[in-house]
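Peer 1: Got a structure here, written out as structure tokens. Questions coming.
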Amino acid sequence: MGHLIVLALVLPLITGAVTMTQSGQKAIRFINLIGSLLLSFTLLMIVQYVVETGIIHVGQFYIDSLSAVVLLVVATLTCTATLFSLSYMEREIREGKVSFKMLKRYYALFNLFAFTMVCVPIVENMGLLWVAVEATTLSSALLVAFYFNRAALEAAWKYVMVCTVGICLALLGTILLYYAQVNADLSGAGRALSWLEIQAVSDKLDPGMIKLAFVFILIGYGTKAGLAPMHTWLPDAHSQAPSPVSGLLSGALLSCALYGIIRMTIIVKGAVGPAFPEQFLIGFGLLSLSIAVPFILVQLDLKRLLAYSSIEHMGLITLGLGLGTPLALYGALLHIINHAVTKSTLFYLAGAIIQHYGTKNILRIKGLVSAMPVIGAMFVAAVLAIAGLPPFSIFYSKLTIIWAAFQSGNSWLGAIILLLMAAIFAGMIYYTLKVGFGPIPSKVTGNYRLGKPAMVAVSGSMVIMIVGGIYLPAWLDTLIKQAVAIIIGGGL
């Protein structure tokens, strides 16, 4: 299977490089469409192989079921984001907001970003994992600053500065982890920062050093995952990036950062037991949920509203990881997938709405269902989904995490989560009613036509959201259960 891994790494690089040599829009659209479909198909083949066999280990590449969960997210969102980009960028060019030179730069950076996200879950080395996560920052920062206006540059600068501080802390934690490995591996045979090697000697690691390393890595990768109070970059970056990129940032990038935290948590549990990492995860998760509430209730920027919703969901996933029971871990991993699909869809739809209304201000967006019937109906449905209403898929992963809290004896935690969820639900529904109904602003005229590729992306995501709430494929259930076994037991 090594050839498939190499293909998954090479495809986005080739697609981006070939894009820069083109002189026509149609050629660029075709190349990126084919490149994206091939990449997603390759990643899905890797996921299928892992479900059937359990592990792929080739040199520095290591893919197990936990890695495959993140690869599944990257495969899905890379495809839908590319499809939506084809229509979104075509309209941006038509309206004069983007030049042909900017278009080539967009797709080149987009593919570079996809490459870095593929790298994160497939490397077996904790040092290379850090490099891959840092690479996602550098590539996506240029996409955040894509329009090169004052707001975009400020958001990109803030993104780079805050995440660089975080990633430096993660580097310090990785160095401490290496120090603990060297001291534990008395024979010197272990490979430096190999996750498998460290996991094998986790019971011999210096508990104090591992605790310190975990705190630094949790804060470092937690900054990238948008956990409070390190979340400050996220609303600005998500609101200024092109909408397809916002979908990738919220759905795939945050999941990659969580993956790094999960890998480290497995090591710490083997070294000092589950209590230490779990109390930190629950603390950061609860804080993220709490901080998201007031900002959602008073938010007037449509994309920032969705960004704060991402902070909420990252907090809920972290809470599930902190509870540590098989049911909670199952719910957390399922929620990573459900949130990625639902939130990316919302950002795609928000991009179409902003293009038609010419503003991100919620107070100036009214009568959406009348002005854009299909997109308006999809947007309302997607908001209901992200808020946690049945029968959408995200309802069941939320319910699983909350039920796990009560089942584990943490009734107080389950009650707090329910109260915070209720407040967030009220805020999301309030703004949806303001946006969805009422008189259409006089300046909003004509019919907005969502391009066919974008419609395929949004419709496909909506189908996944609805069907996922009714039926969970056996292969996906198996994949998540295998990933839970890795987190609990440290390996298959």
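Every chain in the structure tokens has a letter given in the order shown (A, B, ...), and although residue numbers restart at 1 in each chain, ligands are simply numbered from 1 in the order shown.
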List every residue of segment 248-324 of chain A that has an atom at most 10 Å from any atom of segment 137-157 of chain A, and for each one report the closest atom pair and its distance in Å to one decimal, counting only C-alpha atoms, with rows sorted by chain and then by increasing residue number, as CSV.
Peer 2:
```
residue,atom,partner,partner_atom,distance
A:Leu248,CA,A:Ser140,CA,9.5
A:Leu249,CA,A:Ser140,CA,8.0
A:Leu253,CA,A:Thr137,CA,9.0
```
Peer 1: Would you list the contacts of segment 204-209 of chain A as an mmCIF file with C-alpha atoms, in the first residue's frame, taking every protein, DNA or RNA residue within 10 Å and counting only C-alpha atoms, but skipping same-chain residues closer than 2 positions in sequence?
Peer 2:
```
data_model
loop_
_atom_site.group_PDB
_atom_site.id
_atom_site.type_symbol
_atom_site.label_atom_id
_atom_site.label_comp_id
_atom_site.auth_asym_id
_atom_site.auth_seq_id
_atom_site.Cartn_x
_atom_site.Cartn_y
_atom_site.Cartn_z
ATOM 1 C CA GLY A 173 6.555 19.482 24.548
ATOM 2 C CA LEU A 176 10.541 16.950 26.417
ATOM 3 C CA LEU A 177 8.884 13.816 25.047
ATOM 4 C CA TYR A 178 12.108 12.949 23.226
ATOM 5 C CA TYR A 179 14.105 13.497 26.412
ATOM 6 C CA ALA A 180 11.764 11.134 28.277
ATOM 7 C CA GLN A 181 12.122 8.545 25.503
ATOM 8 C CA VAL A 182 15.924 8.708 25.532
ATOM 9 C CA ASN A 183 16.001 8.172 29.303
ATOM 10 C CA ALA A 184 13.552 5.261 29.099
ATOM 11 C CA ASP A 185 15.195 3.524 26.134
ATOM 12 C CA ILE A 198 7.448 5.576 22.681
ATOM 13 C CA GLN A 199 4.179 3.740 23.181
ATOM 14 C CA ALA A 200 6.058 0.479 23.724
ATOM 15 C CA VAL A 201 8.072 1.987 26.613
ATOM 16 C CA SER A 202 5.367 4.330 27.928
ATOM 17 C CA LYS A 211 3.097 15.371 32.365
ATOM 18 C CA LEU A 212 5.012 18.514 31.474
ATOM 19 C CA ALA A 213 5.326 17.446 27.831
ATOM 20 C CA PHE A 214 1.584 16.770 27.659
ATOM 21 C CA ILE A 267 1.206 7.984 25.377
ATOM 22 C CA VAL A 268 0.398 9.880 28.576
ATOM 23 C CA GLY A 270 0.321 4.591 29.270
ATOM 24 C CA ALA A 271 2.836 6.544 31.325
ATOM 25 C CA VAL A 272 0.828 8.087 34.170
ATOM 26 C CA GLY A 273 -2.676 6.679 33.811
#
```
Peer 1: Hey, could you make a per-residue contact list for segment 314-421 of chain A against segment 439-455 of chain A with 6 Å as the cut-off, showing the nearest pair of atoms and its distance in Å to one decimal, counting only C-alpha atoms, sorted by chain and number, as a tab-separated table?
Peer 2:
```
residue	atom	partner	partner_atom	distance
A:Tyr357	CA	A:Val444	CA	6.0
A:Lys366	CA	A:Ile440	CA	5.5
A:Gly367	CA	A:Ile440	CA	4.6
```
Peer 1: Between atom CA of Gly285 of chain A and atom CA of Arg263 of chain A, what distance in Å does the model show, to one decimal?
Peer 2: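 Separation of atom CA of Gly285 of chain A and atom CA of Arg263 of chain A: 17.2 Å.
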Peer 1: Out of A:Val47, A:Leu334, A:Ile464, A:Leu472, which residue has the shortest atom-to-atom distance to Ala385 of chain A when counting only C-alpha atoms?
Peer 2: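 Closest to Ala385 of chain A of all the choices is A:Ile464.
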Peer 1: Show me a table, sorted first by chain and then by increasing residue number, of the residues of segment 280-373 of chain A having an atom at most 8 Å from segment 220-233 of chain A, each with its shortest atom pair and the distance in Å to one decimal, counting only C-alpha atoms and written as a Markdown table.
Peer 2:
```
| residue | atom | partner | partner_atom | distance |
| --- | --- | --- | --- | --- |
| A:Phe284 | CA | A:Ala228 | CA | 6.6 |
| A:Gly285 | CA | A:Leu227 | CA | 7.2 |
| A:Leu287 | CA | A:Ala228 | CA | 6.1 |
| A:Ser288 | CA | A:Ala228 | CA | 4.6 |
| A:Ile291 | CA | A:Ala228 | CA | 7.0 |
| A:Ser310 | CA | A:Gly226 | CA | 7.9 |
| A:Ile311 | CA | A:Gly226 | CA | 5.7 |
| A:Met314 | CA | A:Leu227 | CA | 6.6 |
| A:Gly315 | CA | A:Leu227 | CA | 6.4 |
```
Peer 1: Any chance you could tabulate, as JSON lines, the residues of segment 228-273 of chain A at most 8 Å from segment 335-343 of chain A with each one's nearest atom pair and distance in Å to one decimal, using only C-alpha atoms, in chain and rising number order?
Peer 2:
```
{"residue": "A:Gly247", "atom": "CA", "partner": "A:Lys343", "partner_atom": "CA", "distance": 6.6}
{"residue": "A:Ser250", "atom": "CA", "partner": "A:Lys343", "partner_atom": "CA", "distance": 6.9}
{"residue": "A:Gly251", "atom": "CA", "partner": "A:Ala340", "partner_atom": "CA", "distance": 3.7}
{"residue": "A:Ala252", "atom": "CA", "partner": "A:Ala340", "partner_atom": "CA", "distance": 6.4}
{"residue": "A:Ser255", "atom": "CA", "partner": "A:Ile336", "partner_atom": "CA", "distance": 6.6}
```
Peer 1: Output N, CA and C atoms for every residue in that selection, as a PDB file, in the first residue's frame.
Peer 2:
```pdb
ATOM      1  N   GLY A 247     -14.365  26.442   5.084  1.00  0.00           N
ATOM      2  CA  GLY A 247     -14.896  25.097   5.304  1.00  0.00           C
ATOM      3  C   GLY A 247     -13.798  24.103   5.622  1.00  0.00           C
ATOM      4  N   SER A 250     -12.275  24.890   9.211  1.00  0.00           N
ATOM      5  CA  SER A 250     -13.131  24.499  10.323  1.00  0.00           C
ATOM      6  C   SER A 250     -13.317  22.991  10.409  1.00  0.00           C
ATOM      7  N   GLY A 251     -13.460  22.341   9.256  1.00  0.00           N
ATOM      8  CA  GLY A 251     -13.755  20.920   9.274  1.00  0.00           C
ATOM      9  C   GLY A 251     -12.531  20.028   9.330  1.00  0.00           C
ATOM     10  N   ALA A 252     -11.512  20.330   8.520  1.00  0.00           N
ATOM     11  CA  ALA A 252     -10.360  19.437   8.394  1.00  0.00           C
ATOM     12  C   ALA A 252      -9.164  19.868   9.230  1.00  0.00           C
ATOM     13  N   SER A 255      -9.540  19.287  12.909  1.00  0.00           N
ATOM     14  CA  SER A 255      -9.497  17.843  13.175  1.00  0.00           C
ATOM     15  C   SER A 255      -8.064  17.328  13.192  1.00  0.00           C
TER      16      SER A 255
END
```
Peer 1: Between atom CA of Leu297 of chain A and atom CA of Ile386 of chain A, what is the distance, to one decimal in Å?
Peer 2: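 Value for the atom CA of Leu297 of chain A-atom CA of Ile386 of chain A distance: 15.2 Å.
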Peer 1: Identify all residues of segment 35-237 of chain A in strand (DSSP E) (DSSP on the backbone) and supply them as a compact mmCIF listing (two decimals) with C-alpha atoms, in the first residue's frame.
Peer 2:
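Result file out30.txt:
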```txt
# COMPACT_ATOMS: atom_id res chain seq x y z
CA ILE A 56 -0.46 0.22 7.09
CA HIS A 57 3.16 0.67 8.16
CA VAL A 58 5.70 1.58 5.50
CA PHE A 61 4.33 6.21 7.24
CA TYR A 62 1.91 4.67 9.71
CA ILE A 63 -1.84 4.59 9.21
```
Peer 1: Give me the residues within 9 Å of segment 68-70 of chain A as a VMD selection string, counting only C-alpha atoms and dropping any in the same chain fewer than 3 places off.
Peer 2: chain A and resid 43 to 44 46 to 48 50 to 51 63 to 65 73 to 75 118 120 to 122 252 255 to 256 259 333 to 334 336 to 337 476 479 to 480 483
